[in-house]
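Coordinates as given in model36.cif (mmCIF, N, CA and C atoms):
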data_input
loop_
_atom_site.group_PDB
_atom_site.id
_atom_site.type_symbol
_atom_site.label_atom_id
_atom_site.label_comp_id
_atom_site.auth_asym_id
_atom_site.auth_seq_id
_atom_site.Cartn_x
_atom_site.Cartn_y
_atom_site.Cartn_z
ATOM 1 N N MET R 4 -26.569 7.981 -6.054
ATOM 2 C CA MET R 4 -26.049 6.696 -5.626
ATOM 3 C C MET R 4 -25.882 6.716 -4.115
ATOM 4 N N SER R 5 -26.426 5.744 -3.484
ATOM 5 C CA SER R 5 -26.387 5.791 -2.030
ATOM 6 C C SER R 5 -25.723 4.583 -1.393
ATOM 7 N N THR R 6 -25.408 3.569 -2.179
ATOM 8 C CA THR R 6 -24.793 2.396 -1.571
ATOM 9 C C THR R 6 -23.506 2.026 -2.291
ATOM 10 N N VAL R 7 -22.686 1.292 -1.583
ATOM 11 C CA VAL R 7 -21.436 0.822 -2.173
ATOM 12 C C VAL R 7 -21.716 -0.038 -3.398
ATOM 13 N N ALA R 8 -22.735 -0.863 -3.343
ATOM 14 C CA ALA R 8 -23.072 -1.726 -4.482
ATOM 15 C C ALA R 8 -23.407 -0.889 -5.714
ATOM 16 N N GLU R 9 -24.145 0.197 -5.523
ATOM 17 C CA GLU R 9 -24.489 1.060 -6.650
ATOM 18 C C GLU R 9 -23.248 1.749 -7.212
ATOM 19 N N ILE R 10 -22.365 2.164 -6.338
ATOM 20 C CA ILE R 10 -21.129 2.806 -6.780
ATOM 21 C C ILE R 10 -20.279 1.813 -7.566
ATOM 22 N N LYS R 11 -20.155 0.601 -7.068
ATOM 23 C CA LYS R 11 -19.386 -0.427 -7.774
ATOM 24 C C LYS R 11 -19.976 -0.690 -9.148
ATOM 25 N N GLU R 12 -21.291 -0.774 -9.222
ATOM 26 C CA GLU R 12 -21.965 -1.032 -10.492
ATOM 27 C C GLU R 12 -21.695 0.102 -11.483
ATOM 28 N N ALA R 13 -21.751 1.336 -11.017
ATOM 29 C CA ALA R 13 -21.485 2.482 -11.884
ATOM 30 C C ALA R 13 -20.016 2.513 -12.305
ATOM 31 N N PHE R 14 -19.145 2.174 -11.392
ATOM 32 C CA PHE R 14 -17.702 2.185 -11.670
ATOM 33 C C PHE R 14 -17.370 1.248 -12.827
ATOM 34 N N ILE R 15 -17.986 0.089 -12.831
ATOM 35 C CA ILE R 15 -17.726 -0.903 -13.878
ATOM 36 C C ILE R 15 -18.031 -0.330 -15.257
ATOM 37 N N ARG R 16 -19.020 0.535 -15.339
ATOM 38 C CA ARG R 16 -19.433 1.074 -16.631
ATOM 39 C C ARG R 16 -18.579 2.244 -17.107
ATOM 40 N N LEU R 17 -17.726 2.775 -16.251
ATOM 41 C CA LEU R 17 -16.897 3.918 -16.632
ATOM 42 C C LEU R 17 -15.806 3.515 -17.622
ATOM 43 N N PRO R 18 -15.451 4.422 -18.524
ATOM 44 C CA PRO R 18 -14.283 4.184 -19.379
ATOM 45 C C PRO R 18 -13.027 4.108 -18.504
ATOM 46 N N GLU R 19 -12.013 3.418 -18.983
ATOM 47 C CA GLU R 19 -10.795 3.190 -18.202
ATOM 48 C C GLU R 19 -10.178 4.488 -17.701
ATOM 49 N N ARG R 20 -10.110 5.492 -18.542
ATOM 50 C CA ARG R 20 -9.504 6.772 -18.151
ATOM 51 C C ARG R 20 -10.258 7.398 -16.972
ATOM 52 N N GLU R 21 -11.575 7.345 -17.007
ATOM 53 C CA GLU R 21 -12.362 7.908 -15.924
ATOM 54 C C GLU R 21 -12.239 7.074 -14.643
ATOM 55 N N LYS R 22 -12.053 5.769 -14.791
ATOM 56 C CA LYS R 22 -11.818 4.925 -13.616
ATOM 57 C C LYS R 22 -10.541 5.368 -12.908
ATOM 58 N N MET R 23 -9.500 5.623 -13.698
ATOM 59 C CA MET R 23 -8.219 6.040 -13.121
ATOM 60 C C MET R 23 -8.347 7.400 -12.440
ATOM 61 N N GLN R 24 -9.057 8.332 -13.081
ATOM 62 C CA GLN R 24 -9.260 9.650 -12.479
ATOM 63 C C GLN R 24 -10.019 9.528 -11.159
ATOM 64 N N LEU R 25 -11.042 8.722 -11.155
ATOM 65 C CA LEU R 25 -11.842 8.523 -9.937
ATOM 66 C C LEU R 25 -11.007 7.864 -8.844
ATOM 67 N N ALA R 26 -10.211 6.877 -9.222
ATOM 68 C CA ALA R 26 -9.369 6.187 -8.238
ATOM 69 C C ALA R 26 -8.374 7.162 -7.612
ATOM 70 N N ARG R 27 -7.771 8.018 -8.436
ATOM 71 C CA ARG R 27 -6.821 9.003 -7.895
ATOM 72 C C ARG R 27 -7.539 9.972 -6.953
ATOM 73 N N TRP R 28 -8.728 10.432 -7.350
ATOM 74 C CA TRP R 28 -9.481 11.344 -6.504
ATOM 75 C C TRP R 28 -9.844 10.670 -5.189
ATOM 76 N N MET R 29 -10.316 9.437 -5.261
ATOM 77 C CA MET R 29 -10.714 8.730 -4.042
ATOM 78 C C MET R 29 -9.529 8.578 -3.093
ATOM 79 N N GLN R 30 -8.352 8.323 -3.649
ATOM 80 C CA GLN R 30 -7.160 8.159 -2.818
ATOM 81 C C GLN R 30 -6.849 9.448 -2.067
ATOM 82 N N THR R 31 -7.119 10.601 -2.665
ATOM 83 C CA THR R 31 -6.852 11.870 -1.980
ATOM 84 C C THR R 31 -7.867 12.129 -0.876
ATOM 85 N N GLN R 32 -8.977 11.429 -0.896
ATOM 86 C CA GLN R 32 -10.023 11.638 0.103
ATOM 87 C C GLN R 32 -9.788 10.839 1.378
ATOM 88 N N ILE R 33 -8.847 9.918 1.332
ATOM 89 C CA ILE R 33 -8.550 9.078 2.494
ATOM 90 C C ILE R 33 -7.316 9.651 3.186
ATOM 91 N N PRO R 34 -7.482 10.143 4.396
ATOM 92 C CA PRO R 34 -6.333 10.727 5.093
ATOM 93 C C PRO R 34 -5.298 9.658 5.434
ATOM 94 N N ASP R 35 -4.036 10.075 5.368
ATOM 95 C CA ASP R 35 -2.971 9.164 5.802
ATOM 96 C C ASP R 35 -3.162 8.880 7.274
ATOM 97 N N ARG R 36 -3.045 7.643 7.629
ATOM 98 C CA ARG R 36 -3.266 7.273 9.020
ATOM 99 C C ARG R 36 -1.958 7.180 9.808
ATOM 100 N N LEU R 37 -0.846 7.158 9.107
ATOM 101 C CA LEU R 37 0.434 7.043 9.786
ATOM 102 C C LEU R 37 1.234 8.334 9.607
ATOM 103 N N SER R 38 1.895 8.743 10.658
ATOM 104 C CA SER R 38 2.761 9.917 10.578
ATOM 105 C C SER R 38 4.072 9.514 9.899
ATOM 106 N N ASP R 39 4.866 10.507 9.554
ATOM 107 C CA ASP R 39 6.179 10.230 8.963
ATOM 108 C C ASP R 39 7.041 9.402 9.908
ATOM 109 N N ASP R 40 6.991 9.733 11.197
ATOM 110 C CA ASP R 40 7.787 8.980 12.177
ATOM 111 C C ASP R 40 7.354 7.516 12.232
ATOM 112 N N GLU R 41 6.036 7.296 12.176
ATOM 113 C CA GLU R 41 5.538 5.918 12.195
ATOM 114 C C GLU R 41 5.981 5.163 10.941
ATOM 115 N N MET R 42 5.916 5.827 9.801
ATOM 116 C CA MET R 42 6.344 5.188 8.558
ATOM 117 C C MET R 42 7.834 4.860 8.596
ATOM 118 N N MET R 43 8.632 5.776 9.139
ATOM 119 C CA MET R 43 10.072 5.536 9.249
ATOM 120 C C MET R 43 10.354 4.374 10.193
ATOM 121 N N ALA R 44 9.598 4.255 11.259
ATOM 122 C CA ALA R 44 9.778 3.147 12.195
ATOM 123 C C ALA R 44 9.459 1.820 11.512
ATOM 124 N N ILE R 45 8.412 1.800 10.712
ATOM 125 C CA ILE R 45 8.053 0.587 9.970
ATOM 126 C C ILE R 45 9.157 0.228 8.984
ATOM 127 N N ALA R 46 9.648 1.235 8.263
ATOM 128 C CA ALA R 46 10.724 0.992 7.295
ATOM 129 C C ALA R 46 11.989 0.497 7.989
ATOM 130 N N ALA R 47 12.317 1.078 9.134
ATOM 131 C CA ALA R 47 13.511 0.666 9.880
ATOM 132 C C ALA R 47 13.378 -0.777 10.353
ATOM 133 N N GLU R 48 12.207 -1.154 10.841
ATOM 134 C CA GLU R 48 12.000 -2.534 11.286
ATOM 135 C C GLU R 48 12.126 -3.492 10.106
ATOM 136 N N GLY R 49 11.608 -3.105 8.966
ATOM 137 C CA GLY R 49 11.745 -3.940 7.772
ATOM 138 C C GLY R 49 13.208 -4.112 7.384
ATOM 139 N N ALA R 50 13.972 -3.035 7.473
ATOM 140 C CA ALA R 50 15.400 -3.105 7.147
ATOM 141 C C ALA R 50 16.136 -4.013 8.127
ATOM 142 N N ARG R 51 15.795 -3.904 9.418
ATOM 143 C CA ARG R 51 16.439 -4.776 10.410
ATOM 144 C C ARG R 51 16.094 -6.247 10.154
ATOM 145 N N ALA R 52 14.841 -6.509 9.805
ATOM 146 C CA ALA R 52 14.430 -7.886 9.520
ATOM 147 C C ALA R 52 15.186 -8.424 8.307
ATOM 148 N N LEU R 53 15.354 -7.591 7.302
ATOM 149 C CA LEU R 53 16.100 -8.006 6.121
ATOM 150 C C LEU R 53 17.563 -8.266 6.470
ATOM 151 N N ASP R 54 18.147 -7.412 7.290
ATOM 152 C CA ASP R 54 19.529 -7.616 7.730
ATOM 153 C C ASP R 54 19.674 -8.944 8.459
ATOM 154 N N ARG R 55 18.721 -9.249 9.353
ATOM 155 C CA ARG R 55 18.779 -10.521 10.090
ATOM 156 C C ARG R 55 18.671 -11.698 9.124
ATOM 157 N N ARG R 56 17.782 -11.593 8.173
ATOM 158 C CA ARG R 56 17.596 -12.682 7.194
ATOM 159 C C ARG R 56 18.865 -12.889 6.368
ATOM 160 N N GLU R 57 19.449 -11.789 5.913
ATOM 161 C CA GLU R 57 20.682 -11.900 5.126
ATOM 162 C C GLU R 57 21.820 -12.472 5.955
ATOM 163 N N ALA R 58 21.898 -12.112 7.227
ATOM 164 C CA ALA R 58 22.951 -12.635 8.107
ATOM 165 C C ALA R 58 22.785 -14.138 8.289
ATOM 166 N N ARG R 59 21.538 -14.600 8.483
ATOM 167 C CA ARG R 59 21.304 -16.046 8.617
ATOM 168 C C ARG R 59 21.677 -16.772 7.332
ATOM 169 N N TYR R 60 21.325 -16.201 6.214
ATOM 170 C CA TYR R 60 21.657 -16.813 4.922
ATOM 171 C C TYR R 60 23.181 -16.888 4.738
ATOM 172 N N ALA R 61 23.871 -15.805 5.083
ATOM 173 C CA ALA R 61 25.332 -15.773 4.938
ATOM 174 C C ALA R 61 25.994 -16.809 5.840
ATOM 175 N N SER R 62 25.470 -16.981 7.066
ATOM 176 C CA SER R 62 26.094 -17.946 7.970
ATOM 177 C C SER R 62 25.851 -19.378 7.490
ATOM 178 N N ARG R 63 24.678 -19.641 6.922
ATOM 179 C CA ARG R 63 24.425 -20.990 6.364
ATOM 180 C C ARG R 63 25.291 -21.243 5.143
ATOM 181 N N LYS R 64 25.454 -20.241 4.328
ATOM 182 C CA LYS R 64 26.249 -20.386 3.096
ATOM 183 C C LYS R 64 27.737 -20.587 3.431
ATOM 184 N N ALA R 65 28.209 -20.008 4.549
ATOM 185 C CA ALA R 65 29.613 -20.100 4.933
ATOM 186 C C ALA R 65 29.975 -21.487 5.465
ATOM 187 N N ARG R 66 28.991 -22.269 5.808
ATOM 188 C CA ARG R 66 29.292 -23.592 6.373
ATOM 189 C C ARG R 66 29.785 -24.539 5.347
#
Can you give me the file's structure in the form of structure tokens?
Amino acid sequence: MSTVAEIKEAFIRLPEREKMQLARWMQTQIPDRLSDDEMMAIAAEGARALDRREARYASRKAR
């Protein structure tokens, strides 16, 4: 198999269990692109955004 189209076509024909095994294997072949510090920074920004949203909601509800 040499093209993505051929791989997709073959994938469709696989039994469900083999699809899952292949998907797990493929996921291990893709290196993580973000470091732990980068992931923590993303999570922290998400938490701050949620805090801001909750604060705005609380101030509207208090009126």
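Atom CA of R:Ser62 is positioned 28.5 Å from atom CA of R:Met43.
The coordinates place atom N of R:Leu37 at 26.0 Å from atom N of R:Lys11.
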One decimal place gives the atom N of R:Ala47-atom C of R:Arg59 separation as 20.2 Å
* Asked: Hey, what does DSSP flag as helix (DSSP H, G or I) within chain R? Can you give it to me as a PyMOL selection string?
  -> chain R and resi 7-16+19-32+39-65
